[in-house]
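File shown here: start-v7.tsv, holding TSV, C-alpha atoms and all ligand atoms.
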chain	number	residue	atom	x	y	z
A	1	MET	CA	-14.02	13.08	2.14
A	2	GLU	CA	-11.14	10.69	2.62
A	3	VAL	CA	-8.94	9.07	0.00
A	4	LYS	CA	-7.40	5.75	0.99
A	5	SER	CA	-5.33	4.51	-1.96
A	6	LEU	CA	-2.16	5.65	-3.69
A	7	TYR	CA	-0.58	4.55	-6.99
A	8	ILE	CA	2.99	5.59	-7.82
A	9	HIS	CA	4.32	5.13	-11.34
A	10	TYR	CA	8.08	4.49	-11.40
A	11	PRO	CA	9.09	5.28	-14.99
A	12	HIS	CA	12.48	3.57	-15.61
A	13	CYS	CA	13.69	0.21	-16.88
A	14	GLU	CA	17.17	-1.09	-17.57
A	15	HIS	CA	16.04	-2.41	-20.92
A	16	LEU	CA	12.99	-1.37	-22.94
A	17	CYS	CA	11.17	-4.55	-24.04
A	18	ASN	CA	9.99	-4.18	-27.63
A	19	TYR	CA	6.35	-5.12	-26.88
A	20	CYS	CA	5.77	-2.85	-23.90
A	21	ASP	CA	3.46	0.16	-24.09
A	22	PHE	CA	3.75	1.45	-20.54
A	23	TYR	CA	5.26	4.85	-19.97
A	24	LYS	CA	8.98	4.34	-19.31
A	25	SER	CA	12.50	5.44	-20.21
A	26	LYS	CA	15.91	3.91	-19.87
A	27	PHE	CA	17.42	3.86	-16.36
A	28	LYS	CA	20.48	6.12	-15.92
A	29	SER	CA	22.71	6.87	-12.95
A	30	ASP	CA	20.73	10.00	-12.00
A	31	SER	CA	17.25	8.52	-12.65
A	32	ASN	CA	16.38	7.88	-9.01
A	33	GLU	CA	17.47	11.32	-7.87
A	34	ASN	CA	15.48	12.99	-10.66
A	35	PHE	CA	12.45	10.85	-9.91
A	36	PHE	CA	12.62	11.74	-6.22
A	37	ASN	CA	12.72	15.45	-7.09
A	38	TYR	CA	9.84	15.02	-9.56
A	39	LEU	CA	7.70	13.45	-6.85
A	40	ILE	CA	8.60	16.01	-4.19
A	41	ASN	CA	7.82	18.84	-6.61
A	42	SER	CA	4.40	17.32	-7.36
A	43	LEU	CA	3.26	17.26	-3.71
A	44	PRO	CA	2.03	20.89	-3.50
A	45	THR	CA	-0.10	20.38	-6.66
A	46	GLN	CA	-1.40	17.08	-5.26
A	47	LYS	CA	-2.38	18.87	-2.03
A	48	GLU	CA	-4.11	21.64	-3.97
A	49	ILE	CA	-6.10	19.06	-6.01
A	50	LEU	CA	-7.24	17.37	-2.82
A	51	GLU	CA	-8.22	20.59	-1.05
A	52	LYS	CA	-10.03	22.00	-4.07
A	53	ASN	CA	-12.22	18.88	-4.15
A	54	ASN	CA	-12.70	18.70	-0.36
A	55	PHE	CA	-10.63	15.54	0.04
A	56	SER	CA	-8.01	14.74	2.66
A	57	ILE	CA	-5.72	11.84	3.58
A	58	SER	CA	-5.39	10.83	7.21
A	59	ASP	CA	-4.26	7.31	6.49
A	60	LEU	CA	-3.80	5.01	3.51
A	61	GLU	CA	-5.15	1.48	3.12
A	62	THR	CA	-3.50	0.48	-0.17
A	63	ILE	CA	-0.35	1.51	-2.01
A	64	TYR	CA	0.62	0.12	-5.41
A	65	ILE	CA	4.00	0.92	-6.95
A	66	GLY	CA	4.01	0.02	-10.63
A	67	GLY	CA	6.09	0.88	-13.65
A	68	GLY	CA	8.43	0.65	-15.35
A	69	THR	CA	10.56	-1.40	-13.01
A	70	PRO	CA	9.95	-0.12	-9.47
A	71	SER	CA	12.36	-2.69	-8.04
A	72	LEU	CA	15.08	-0.40	-9.49
A	73	TRP	CA	13.89	2.29	-7.08
A	74	GLY	CA	14.68	-0.08	-4.22
A	75	LYS	CA	14.63	1.21	-0.70
A	76	GLU	CA	14.49	4.85	-1.90
A	77	ILE	CA	10.75	4.08	-1.87
A	78	ILE	CA	10.91	4.25	1.92
A	79	LYS	CA	12.66	7.63	1.82
A	80	PHE	CA	9.93	9.06	-0.41
A	81	LEU	CA	7.02	7.61	1.57
A	82	GLU	CA	8.42	9.08	4.79
A	83	LYS	CA	8.50	12.52	3.09
A	84	PHE	CA	4.97	11.96	1.79
A	85	LYS	CA	3.73	11.17	5.30
A	86	LYS	CA	5.36	14.25	6.74
A	87	TYR	CA	3.99	16.48	3.99
A	88	PHE	CA	0.42	15.28	4.48
A	89	GLU	CA	0.81	15.03	8.29
A	90	ILE	CA	-0.04	11.34	8.35
A	91	ASN	CA	1.06	9.75	11.65
A	92	HIS	CA	1.03	6.17	10.60
A	93	PHE	CA	-0.07	4.06	7.62
A	94	SER	CA	-2.40	1.22	8.53
A	95	LEU	CA	-1.97	-0.44	5.16
A	96	LYS	CA	-4.03	-3.48	4.25
A	97	GLU	CA	-2.07	-3.94	1.05
A	98	PHE	CA	1.22	-2.55	-0.21
A	99	THR	CA	2.31	-3.93	-3.62
A	100	ILE	CA	5.48	-3.44	-5.60
A	101	GLU	CA	6.13	-4.74	-9.12
A	102	VAL	CA	9.30	-6.75	-9.55
A	103	ASP	CA	11.02	-7.51	-12.85
A	104	PRO	CA	13.02	-10.76	-12.61
A	105	SER	CA	16.08	-9.05	-14.09
A	106	ARG	CA	16.11	-6.54	-11.31
A	107	TYR	CA	15.12	-7.89	-8.00
A	108	GLN	CA	17.65	-7.05	-5.35
A	109	GLU	CA	17.25	-9.56	-2.58
A	110	LYS	CA	18.53	-7.34	0.23
A	111	GLU	CA	16.39	-4.39	-0.79
A	112	ILE	CA	13.27	-6.47	-1.22
A	113	LEU	CA	13.74	-7.88	2.28
A	114	GLU	CA	14.04	-4.32	3.62
A	115	LEU	CA	10.87	-3.31	1.79
A	116	LEU	CA	9.04	-6.29	3.28
A	117	LYS	CA	10.15	-5.16	6.73
A	118	TYR	CA	8.92	-1.64	5.98
A	119	GLY	CA	5.43	-2.87	5.17
A	120	VAL	CA	5.39	-4.05	1.54
A	121	ASN	CA	3.17	-7.11	1.79
A	122	ARG	CA	2.54	-8.05	-1.83
A	123	LEU	CA	4.96	-8.57	-4.74
A	124	SER	CA	3.96	-8.73	-8.39
A	125	ILE	CA	6.44	-10.59	-10.58
A	126	GLY	CA	6.65	-10.10	-14.38
A	127	VAL	CA	7.05	-13.74	-15.44
A	128	GLN	CA	5.22	-13.56	-18.84
A	129	SER	CA	6.03	-17.09	-20.01
A	130	PHE	CA	7.51	-20.21	-18.46
A	131	ASP	CA	8.58	-21.78	-21.75
A	132	LYS	CA	12.30	-21.70	-22.53
A	133	SER	CA	11.69	-21.69	-26.29
A	134	ILE	CA	9.08	-18.89	-26.29
A	135	PHE	CA	10.88	-16.76	-23.76
A	136	PRO	CA	13.69	-15.39	-26.03
A	137	LEU	CA	11.03	-13.95	-28.38
A	138	LEU	CA	9.98	-11.67	-25.55
A	139	ASP	CA	13.04	-9.44	-25.76
A	140	ARG	CA	13.55	-9.43	-22.00
A	141	SER	CA	16.77	-8.22	-20.39
A	142	HIS	CA	17.26	-11.41	-18.39
A	143	ASP	CA	17.46	-15.08	-19.24
A	144	PHE	CA	15.01	-17.79	-18.35
A	145	SER	CA	16.95	-19.04	-15.30
A	146	GLU	CA	16.41	-15.69	-13.56
A	147	ILE	CA	12.67	-16.24	-13.53
A	148	GLU	CA	13.09	-19.48	-11.64
A	149	LYS	CA	15.58	-17.86	-9.28
A	150	THR	CA	13.21	-14.95	-8.59
A	151	LEU	CA	10.18	-17.17	-8.03
A	152	LYS	CA	12.20	-19.37	-5.68
A	153	PHE	CA	13.44	-16.39	-3.68
A	154	VAL	CA	10.05	-14.72	-3.48
A	155	SER	CA	8.14	-17.84	-2.55
A	156	SER	CA	10.58	-18.70	0.22
A	157	HIS	CA	10.44	-15.20	1.77
A	158	HIS	CA	6.93	-14.09	1.21
A	159	GLU	CA	3.61	-15.79	0.85
A	160	ASN	CA	1.58	-13.13	-0.97
A	161	PHE	CA	2.84	-12.69	-4.49
A	162	SER	CA	1.27	-12.39	-7.89
A	163	VAL	CA	2.55	-13.47	-11.30
A	164	ASP	CA	2.03	-11.60	-14.58
A	165	PHE	CA	1.42	-14.11	-17.35
A	166	MET	CA	0.92	-13.27	-21.03
A	167	ILE	CA	-1.02	-14.95	-23.82
A	168	GLY	CA	-1.30	-14.07	-27.50
A	169	LEU	CA	2.50	-14.24	-27.77
A	170	PRO	CA	4.27	-14.67	-31.11
A	171	GLU	CA	4.96	-18.25	-32.07
A	172	VAL	CA	7.93	-18.79	-34.34
A	173	ASP	CA	9.14	-22.39	-34.24
A	174	SER	CA	7.19	-24.14	-31.55
A	175	GLU	CA	3.60	-24.20	-30.38
A	176	ARG	CA	2.97	-22.99	-26.85
A	177	ASN	CA	1.40	-25.08	-24.10
A	178	VAL	CA	0.03	-22.54	-21.59
A	179	LYS	CA	-1.39	-25.21	-19.29
A	180	ASN	CA	2.01	-26.79	-18.90
A	181	GLU	CA	3.63	-23.42	-18.23
A	182	LEU	CA	1.06	-22.54	-15.56
A	183	GLU	CA	1.46	-25.95	-13.96
A	184	ARG	CA	5.14	-25.21	-13.46
A	185	ILE	CA	4.46	-21.69	-12.18
A	186	LEU	CA	1.91	-22.95	-9.61
A	187	LYS	CA	4.64	-25.11	-8.03
A	188	PHE	CA	6.02	-21.85	-6.58
A	189	ASN	CA	2.66	-21.16	-4.89
A	190	PRO	CA	1.65	-17.74	-6.23
A	191	LYS	CA	-1.58	-16.51	-4.68
A	192	HIS	CA	-2.64	-14.40	-7.63
A	193	ILE	CA	-2.22	-14.43	-11.42
A	194	SER	CA	-2.69	-11.40	-13.70
A	195	LEU	CA	-3.32	-12.45	-17.27
A	196	TYR	CA	-2.35	-10.10	-20.10
A	197	ILE	CA	-3.16	-10.48	-23.79
A	198	LEU	CA	-0.26	-9.06	-25.79
A	199	SER	CA	-1.29	-5.91	-27.57
A	200	VAL	CA	1.26	-4.22	-29.82
A	201	GLY	CA	1.60	-1.44	-32.38
A	202	GLU	CA	2.39	-1.60	-36.09
A	203	SER	CA	6.14	-1.43	-35.56
A	204	TYR	CA	6.32	-4.59	-33.43
A	205	PRO	CA	9.04	-6.75	-35.09
A	206	LEU	CA	7.21	-10.09	-34.64
A	207	LYS	CA	3.85	-8.81	-35.82
A	208	ASP	CA	3.65	-11.51	-38.51
A	209	TYR	CA	3.96	-14.29	-35.94
A	210	LEU	CA	1.09	-13.23	-33.71
A	211	PRO	CA	-1.75	-15.74	-33.24
A	212	ASP	CA	-5.24	-15.03	-34.56
A	213	ASP	CA	-8.26	-14.18	-32.38
A	214	GLU	CA	-9.49	-17.75	-32.31
A	215	LYS	CA	-6.16	-18.99	-30.95
A	216	ILE	CA	-6.13	-16.24	-28.29
A	217	ARG	CA	-9.68	-17.18	-27.27
A	218	GLU	CA	-8.58	-20.79	-26.96
A	219	GLU	CA	-5.61	-19.81	-24.77
A	220	TYR	CA	-7.82	-17.55	-22.61
A	221	LEU	CA	-10.31	-20.36	-21.99
A	222	THR	CA	-7.51	-22.88	-21.33
A	223	VAL	CA	-6.06	-20.56	-18.68
A	224	HIS	CA	-9.52	-20.17	-17.13
A	225	GLU	CA	-10.17	-23.89	-17.07
A	226	PHE	CA	-6.75	-24.74	-15.61
A	227	LEU	CA	-6.64	-22.03	-12.94
A	228	SER	CA	-10.26	-22.63	-11.87
A	229	ARG	CA	-9.46	-26.31	-11.42
A	230	ASN	CA	-6.62	-25.22	-9.15
A	231	ASN	CA	-8.89	-23.11	-6.91
A	232	PHE	CA	-8.13	-19.74	-8.48
A	233	ASN	CA	-11.18	-17.55	-8.65
A	234	HIS	CA	-11.56	-15.66	-11.95
A	235	TYR	CA	-12.67	-12.47	-10.19
A	236	GLU	CA	-11.95	-10.03	-13.01
A	237	VAL	CA	-11.42	-10.43	-16.78
A	238	SER	CA	-7.63	-10.42	-16.34
A	239	ASN	CA	-7.21	-11.50	-12.73
A	240	TYR	CA	-7.32	-14.74	-10.77
A	241	ALA	CA	-6.80	-15.22	-7.02
A	242	LEU	CA	-6.91	-17.85	-4.34
A	243	LYS	CA	-9.50	-17.07	-1.66
A	244	GLY	CA	-8.54	-13.95	0.31
A	245	PHE	CA	-5.81	-12.84	-2.11
A	246	GLU	CA	-7.72	-10.63	-4.54
A	247	SER	CA	-6.05	-7.29	-5.24
A	248	ASN	CA	-7.61	-4.87	-2.82
A	249	HIS	CA	-5.98	-1.92	-4.59
A	250	ASN	CA	-7.39	-2.83	-7.98
A	251	TRP	CA	-10.86	-3.20	-6.50
A	252	GLN	CA	-10.68	0.53	-5.65
A	253	TYR	CA	-10.34	1.25	-9.40
A	254	TRP	CA	-13.11	-1.09	-10.47
A	255	LYS	CA	-15.57	0.04	-7.77
A	256	GLN	CA	-14.70	3.63	-8.64
A	257	ASN	CA	-13.49	4.60	-5.17
A	258	SER	CA	-11.17	7.59	-5.04
A	259	TYR	CA	-7.43	7.06	-5.41
A	260	LEU	CA	-4.35	9.22	-5.67
A	261	ALA	CA	-1.60	8.86	-8.23
A	262	LEU	CA	1.92	10.22	-8.47
A	263	GLY	CA	4.72	9.82	-11.03
A	264	PRO	CA	4.72	10.57	-14.80
A	265	SER	CA	1.67	9.09	-16.59
A	266	GLY	CA	0.12	8.14	-13.22
A	267	SER	CA	-3.57	8.96	-13.18
A	268	GLY	CA	-5.73	9.51	-10.09
A	269	LEU	CA	-9.47	9.91	-9.55
A	270	LEU	CA	-11.48	11.73	-6.89
A	271	VAL	CA	-15.16	10.87	-6.78
A	272	GLY	CA	-17.68	13.19	-5.16
A	273	ASP	CA	-20.88	14.51	-6.76
A	274	ALA	CA	-18.86	14.63	-9.97
A	275	GLY	CA	-15.51	13.05	-10.78
A	276	TYR	CA	-12.12	14.68	-11.03
A	277	ARG	CA	-9.46	12.78	-12.96
A	278	TYR	CA	-5.88	14.02	-13.13
A	279	LYS	CA	-2.85	12.68	-14.95
A	280	TRP	CA	0.79	13.60	-14.39
A	281	LEU	CA	2.78	14.63	-17.47
A	282	PRO	CA	6.55	14.00	-17.78
A	283	SER	CA	7.06	17.79	-17.45
A	284	GLY	CA	5.56	17.66	-13.93
A	285	GLU	CA	2.40	19.44	-15.03
A	286	VAL	CA	-0.96	17.84	-14.55
A	287	ASN	CA	-3.83	17.27	-17.01
A	288	VAL	CA	-7.28	17.45	-15.47
A	289	GLU	CA	-10.66	16.23	-16.60
A	290	THR	CA	-13.98	16.70	-14.85
A	291	LEU	CA	-16.45	13.84	-15.22
A	292	SER	CA	-20.22	14.26	-14.93
A	293	SER	CA	-22.20	11.71	-12.91
A	294	ASN	CA	-23.35	10.19	-16.24
A	295	GLN	CA	-19.78	9.72	-17.39
A	296	LEU	CA	-18.88	8.21	-14.02
A	297	ASN	CA	-21.79	5.77	-14.24
A	298	LEU	CA	-20.79	4.67	-17.73
A	299	GLU	CA	-17.17	4.10	-16.72
A	300	LYS	CA	-18.27	2.14	-13.65
A	301	LEU	CA	-20.48	-0.02	-15.82
A	302	TYR	CA	-17.48	-0.95	-17.97
A	303	THR	CA	-15.19	-1.70	-15.02
A	304	MET	CA	-17.76	-3.63	-12.98
A	305	ALA	CA	-18.86	-5.67	-16.02
A	306	ARG	CA	-15.30	-6.98	-16.02
A	307	THR	CA	-15.68	-8.37	-12.47
A	308	ASN	CA	-17.44	-11.34	-10.94
A	309	ILE	CA	-19.68	-8.94	-8.95
A	310	GLY	CA	-21.13	-7.74	-12.24
A	311	ILE	CA	-23.42	-4.79	-12.94
A	312	GLU	CA	-26.64	-3.52	-11.39
A	313	ILE	CA	-29.51	-4.17	-13.75
A	314	ASP	CA	-31.92	-1.63	-12.21
A	315	GLN	CA	-30.33	1.09	-14.34
A	316	PHE	CA	-31.36	-0.60	-17.63
A	317	SER	CA	-34.50	-0.45	-19.75
A	318	ASP	CA	-36.75	-3.51	-20.23
A	319	SER	CA	-35.35	-4.09	-23.72
A	320	ALA	CA	-31.78	-4.09	-22.38
A	321	ILE	CA	-32.80	-6.61	-19.71
A	322	GLU	CA	-34.12	-8.84	-22.50
A	323	ILE	CA	-30.61	-8.79	-23.97
A	324	PHE	CA	-29.15	-9.86	-20.62
A	325	LYS	CA	-31.65	-12.74	-20.64
A	326	ASP	CA	-30.36	-13.73	-24.09
A	327	TYR	CA	-26.82	-13.64	-22.74
A	328	GLU	CA	-27.81	-15.92	-19.88
A	329	ARG	CA	-29.47	-18.37	-22.31
A	330	GLU	CA	-26.33	-18.29	-24.48
A	331	GLY	CA	-24.19	-19.19	-21.42
A	332	LEU	CA	-22.26	-15.89	-21.33
A	333	GLY	CA	-23.14	-14.97	-17.74
A	334	GLU	CA	-25.94	-15.07	-15.18
A	335	PHE	CA	-28.29	-13.00	-13.06
A	336	GLN	CA	-27.28	-12.83	-9.41
A	337	GLY	CA	-30.17	-11.14	-7.60
A	338	LYS	CA	-30.26	-7.57	-8.94
A	339	ARG	CA	-26.98	-7.92	-10.79
A	340	PHE	CA	-25.75	-9.58	-13.94
A	341	ALA	CA	-22.26	-11.08	-13.96
A	342	PHE	CA	-20.48	-12.30	-17.08
A	343	ASN	CA	-18.48	-15.51	-17.00
A	344	GLN	CA	-15.33	-16.52	-18.94
A	345	TYR	CA	-17.30	-16.90	-22.22
A	346	GLY	CA	-18.70	-13.38	-21.76
A	347	PHE	CA	-15.35	-11.92	-20.65
A	348	VAL	CA	-13.68	-13.08	-23.84
A	349	ASN	CA	-15.99	-10.90	-25.94
A	350	LEU	CA	-17.01	-8.30	-23.40
A	351	ASP	CA	-16.73	-5.05	-25.35
A	352	THR	CA	-19.09	-6.28	-28.07
A	353	LEU	CA	-21.60	-7.57	-25.50
A	354	ILE	CA	-21.68	-4.26	-23.64
A	355	GLU	CA	-21.89	-2.19	-26.82
A	356	ARG	CA	-25.01	-4.15	-27.78
A	357	ILE	CA	-26.68	-3.31	-24.46
A	358	LEU	CA	-25.73	0.37	-24.58
B	401	LIG	C1	4.10	-2.49	-15.78
B	401	LIG	S1	4.34	-3.96	-16.58
B	401	LIG	C2	5.78	-4.65	-15.92
B	401	LIG	C3	6.37	-4.99	-14.69
B	401	LIG	C4	7.88	-5.25	-14.87
B	401	LIG	N1	8.50	-4.11	-15.43
B	401	LIG	C5	8.16	-6.43	-15.77
B	401	LIG	O1	8.29	-6.23	-16.98
B	401	LIG	O2	8.32	-7.50	-15.25
B	401	LIG	C6	3.08	-5.03	-16.03
B	401	LIG	C7	2.76	-6.11	-16.99
B	401	LIG	O3	2.15	-5.62	-18.17
B	401	LIG	C8	2.21	-6.62	-19.17
B	401	LIG	N2	2.49	-5.96	-20.47
B	401	LIG	C9	3.53	-5.17	-20.79
B	401	LIG	N3	3.41	-4.77	-22.08
B	401	LIG	C10	2.27	-5.31	-22.59
B	401	LIG	C11	1.61	-5.28	-23.86
B	401	LIG	N4	2.10	-4.62	-24.90
B	401	LIG	N5	0.45	-5.97	-24.00
B	401	LIG	C12	-0.06	-6.66	-22.97
B	401	LIG	N6	0.51	-6.72	-21.74
B	401	LIG	C13	1.67	-6.07	-21.55
B	401	LIG	C14	3.32	-7.60	-18.74
B	401	LIG	O4	2.71	-8.80	-18.35
B	401	LIG	C15	3.94	-6.91	-17.52
B	401	LIG	O5	4.44	-7.79	-16.57
B	402	LIG	S1	10.72	-4.18	-18.01
B	402	LIG	FE1	8.48	-4.18	-17.80
B	402	LIG	S2	7.86	-2.03	-17.87
B	402	LIG	FE2	10.01	-2.13	-18.57
B	402	LIG	S3	9.85	-2.20	-20.78
B	402	LIG	FE3	9.92	-4.32	-20.07
B	402	LIG	S4	7.73	-4.93	-19.79
B	402	LIG	FE4	7.82	-2.69	-19.95
Rewrite the coordinates I just gave you, this time as structure tokens.
Amino acid sequence: MEVKSLYIHYPHCEHLCNYCDFYKSKFKSDSNENFFNYLINSLPTQKEILEKNNFSISDLETIYIGGGTPSLWGKEIIKFLEKFKKYFEINHFSLKEFTIEVDPSRYQEKEILELLKYGVNRLSIGVQSFDKSIFPLLDRSHDFSEIEKTLKFVSSHHENFSVDFMIGLPEVDSERNVKNELERILKFNPKHISLYILSVGESYPLKDYLPDDEKIREEYLTVHEFLSRNNFNHYEVSNYALKGFESNHNWQYWKQNSYLALGPSGSGLLVGDAGYRYKWLPSGEVNVETLSSNQLNLEKLYTMARTNIGIEIDQFSDSAIEIFKDYEREGLGEFQGKRFAFNQYGFVNLDTLIERIL
């Protein structure tokens, strides 16, 4: 069996934003060298995992480099991927999609241009908010003007880029107008928007200023209404795209196709008769979990329910199908042939709706 997608987690940032829960540590002068060695040392284990499960790689269709702040890795990415190719005896990548996440505080124009020449064909920019008064609450390492500068640079050099946008942000002095912020962002012509709802732990310093669920629901539906009106297809709970610009890499996760992962906290999945999930620890060791076909089916149900393709209804009992009919009557989604797909009103309360069916 062939695996066609690779995720690499780059684990460093120049500044650690106080709301962020991704695996990361502060960037130091030897971070890139240590990361390179970490990755090289993980290749024999990665090969063993593939061989043990009868998988191989002869080519890759999608690569996603996330973090952390992978733009700090810069063109060292190329050095590692060349080693990766050699190690797995891959002649040539015929990549459909190659994404790298860019933090506006750390985009190096020259290096990004080199990466685009190498084959990176999609950039994902961490914008978060386009409101000067909300922005300082976000504890970012850069100021507001750098977002504009980054968006300007990216949109003039590359057509296919995505913007991360957050809702559920703390509100201290002024009320947020997400529609207005998105209007200004769309002027730079992003092709894709990833929408995040801020989720933080107990120690978050602005915990008392977070909006309630009703306000978040309102923001979520406002974003849906505005982006839909501007031809963005709400193709997954947290993702919008113009036609032809959906994230091919993320579809591999949601459809439960096999994918590789490298880098600390990166987690890969190989799907055969059963599933094999592995996760890289900071020590370089790997945690493994075997998933039965029942577990795989349940996970796929959760991920596909989040998409506009929806879930196959053949697998459900008559009483569960009655519940889907209720959902359709209540305007939370609709039957599409042998599938049921939730809409924005279903997405906003999805976990509860699925729990009821299960
Ligand atoms: C891997 S992160 C960041 C990429 C890049 N380092 C940056 O900050 O611009 C991807 C996205 O996750 C979102 N995110 C980070 N922390 C979050 C949290 N606590 N709750 C919800 N979304 C979060 C942000 O929108 C961020 O851009
Ligand atoms: S720069 Fe991005 S990944 Fe790093 S701490 Fe901030 S939000 Fe998290």
#### Entry: Exercise: range 62-69 of chain A partners within 10 Å, all atoms listed in the file, chain neighbours under 5 positions left out, as a PyMOL selection string
chain A and resi 4-16+20+22-27+74+77+93-107+120+122-124+126+247-250+252+259-266
### Message
What's around Leu301 in chain A at 9 Å? Count all atoms listed in the file, leave out sequence neighbours fewer than 5 positions away in its own chain, and write the answer as a list of chain:residue names.
### Response
A:Leu296, A:Arg306, A:Gly310, A:Ile311, A:Glu312, A:Ile354
### Query
In terms of the shortest atom-to-atom distance over only C-alpha atoms, which of A:Val237, A:Ile125, A:Leu137, A:Ile167 is closest to Asp213 in chain A?
A:Ile167
Show me, as lines of an AutoDock Vina configuration file, the centre and edge lengths in Å to one decimal of the axis-aligned box that covers every listed atom of ligand LIG 401 (chain B) with 5 Å on each side.
center_x = 4.2
center_y = -5.6
center_z = -19.8
size_x = 18.6
size_y = 16.3
size_z = 20.2
### Task
Fewer than 6 positions away in the same chain doesn't count, so skip those; otherwise give me all residues within 7 Å of Lys279 in chain A, counting all atoms listed in the file, as number ranges by chain.
A: 265-268, 286-288
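Between CA of Cys17 in chain A and atom S3 of ligand LIG 402 (chain B) lies a distance of 4.2 Å.
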### Residues near Asn18 in chain A, cut-off 8 Å, all atoms listed in the file, skip fewer than 6 positions along chain, as a list in words
Leu138, Asp139, Tyr204 and Pro205 of chain A
Could you save the residues just selected, with C-alpha atoms, as a compact mmCIF listing (two decimals), in the coordinates of the input?
# COMPACT_ATOMS: atom_id res chain seq x y z
CA LEU A 138 9.98 -11.67 -25.55
CA ASP A 139 13.04 -9.44 -25.76
CA TYR A 204 6.32 -4.59 -33.43
CA PRO A 205 9.04 -6.75 -35.09
### Message
So that I can check the surroundings of range 326-342 of chain A, please list as a ChimeraX atom specification every protein, DNA and RNA residue that reaches within 12 Å of it, counting all atoms listed in the file and ignoring chain neighbours fewer than 6 positions away.
### Response
/A:234-237,301-316,319-320,348-354,356-357
### Task
Work out how far apart CA of Leu115 in chain A and CA of Phe161 in chain A are and give it in Å to one decimal.
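Pair CA of Leu115 in chain A / CA of Phe161 in chain A returns 13.9 Å.
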#### Entry: Nearest residue to ligand LIG 401 (chain B) from the set A:Lys255, A:Lys75, A:Lys243, A:His142 (distances using only C-alpha atoms and all ligand atoms)
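Residue with the minimum atom-to-atom distance to ligand LIG 401 (chain B): A:His142.
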### Message
Using only C-alpha atoms for the distances, tell me which of A:Leu221, A:Val154, A:Val271, A:Leu43 is nearest to Gln108 in chain A.
### Response
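Once distances to Gln108 in chain A are computed over only C-alpha atoms, the minimum belongs to A:Val154.
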### Task
Up to 12 Å from (-10.4, 16.4, 3.9) in the file's coordinates: name the residues, counting only C-alpha atoms, as a list in words.
Met1, Glu2, Val3, Lys4, Lys47, Glu48, Ile49, Leu50, Glu51, Lys52, Asn53, Asn54, Phe55, Ser56, Ile57, Ser58, Asp59, Phe88 and Leu270 of chain A
### Task
Counting all atoms listed in the file, figure out which residue out of A:Leu242, A:Met166, A:Asp212, A:Leu358 gets nearest to Ile321 in chain A.
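Closest to Ile321 in chain A of all the choices is A:Leu358.
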### Query
Distance CA of Phe130 in chain A-CA of Glu114 in chain A, one decimal place?
28.0 Å
### Message
With distances taken over all atoms listed in the file, which residue among A:Pro44, A:Pro211, A:Pro70, A:Gly201 lies nearest ligand LIG 402 (chain B)?
### Response
A:Pro70
### Message
Using all atoms listed in the file, list the residues that have an atom at most 10 Å from (-5.7, -19.5, -15.8), coordinates as in the file, as a PyMOL selection string.
### Response
chain A and resi 165+178-179+182-183+193-195+219-230+232-234+238-241
### Query
Which is closest to ligand LIG 402 (chain B) among A:Asp173, A:Asp164, A:Glu285, A:Glu33, if we use all atoms listed in the file?
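Distance minimum relative to ligand LIG 402 (chain B) lands on A:Asp164.
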N, CA and C atoms for range 319-329 of chain A, written as a short mmCIF file (atom, residue, chain, number, x, y, z; two decimals), in the coordinates of the input, could you do that?
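Result file selection-v2.cif:
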data_model
loop_
_atom_site.label_atom_id
_atom_site.label_comp_id
_atom_site.auth_asym_id
_atom_site.auth_seq_id
_atom_site.Cartn_x
_atom_site.Cartn_y
_atom_site.Cartn_z
N SER A 319 -35.90 -3.43 -22.53
CA SER A 319 -35.35 -4.09 -23.72
C SER A 319 -33.90 -4.50 -23.49
N ALA A 320 -33.17 -3.70 -22.69
CA ALA A 320 -31.78 -4.09 -22.38
C ALA A 320 -31.79 -5.35 -21.51
N ILE A 321 -32.76 -5.42 -20.60
CA ILE A 321 -32.80 -6.61 -19.71
C ILE A 321 -33.09 -7.87 -20.53
N GLU A 322 -33.88 -7.69 -21.61
CA GLU A 322 -34.12 -8.84 -22.50
C GLU A 322 -32.81 -9.35 -23.10
N ILE A 323 -31.92 -8.39 -23.40
CA ILE A 323 -30.61 -8.79 -23.97
C ILE A 323 -29.80 -9.57 -22.93
N PHE A 324 -29.85 -9.10 -21.67
CA PHE A 324 -29.15 -9.86 -20.62
C PHE A 324 -29.72 -11.29 -20.54
N LYS A 325 -31.04 -11.39 -20.69
CA LYS A 325 -31.65 -12.74 -20.64
C LYS A 325 -31.11 -13.61 -21.77
N ASP A 326 -30.97 -12.98 -22.96
CA ASP A 326 -30.36 -13.73 -24.09
C ASP A 326 -28.97 -14.21 -23.71
N TYR A 327 -28.21 -13.28 -23.11
CA TYR A 327 -26.82 -13.64 -22.74
C TYR A 327 -26.82 -14.83 -21.77
N GLU A 328 -27.77 -14.81 -20.84
CA GLU A 328 -27.81 -15.92 -19.88
C GLU A 328 -28.13 -17.23 -20.61
N ARG A 329 -29.10 -17.16 -21.55
CA ARG A 329 -29.47 -18.37 -22.31
C ARG A 329 -28.29 -18.88 -23.13
#
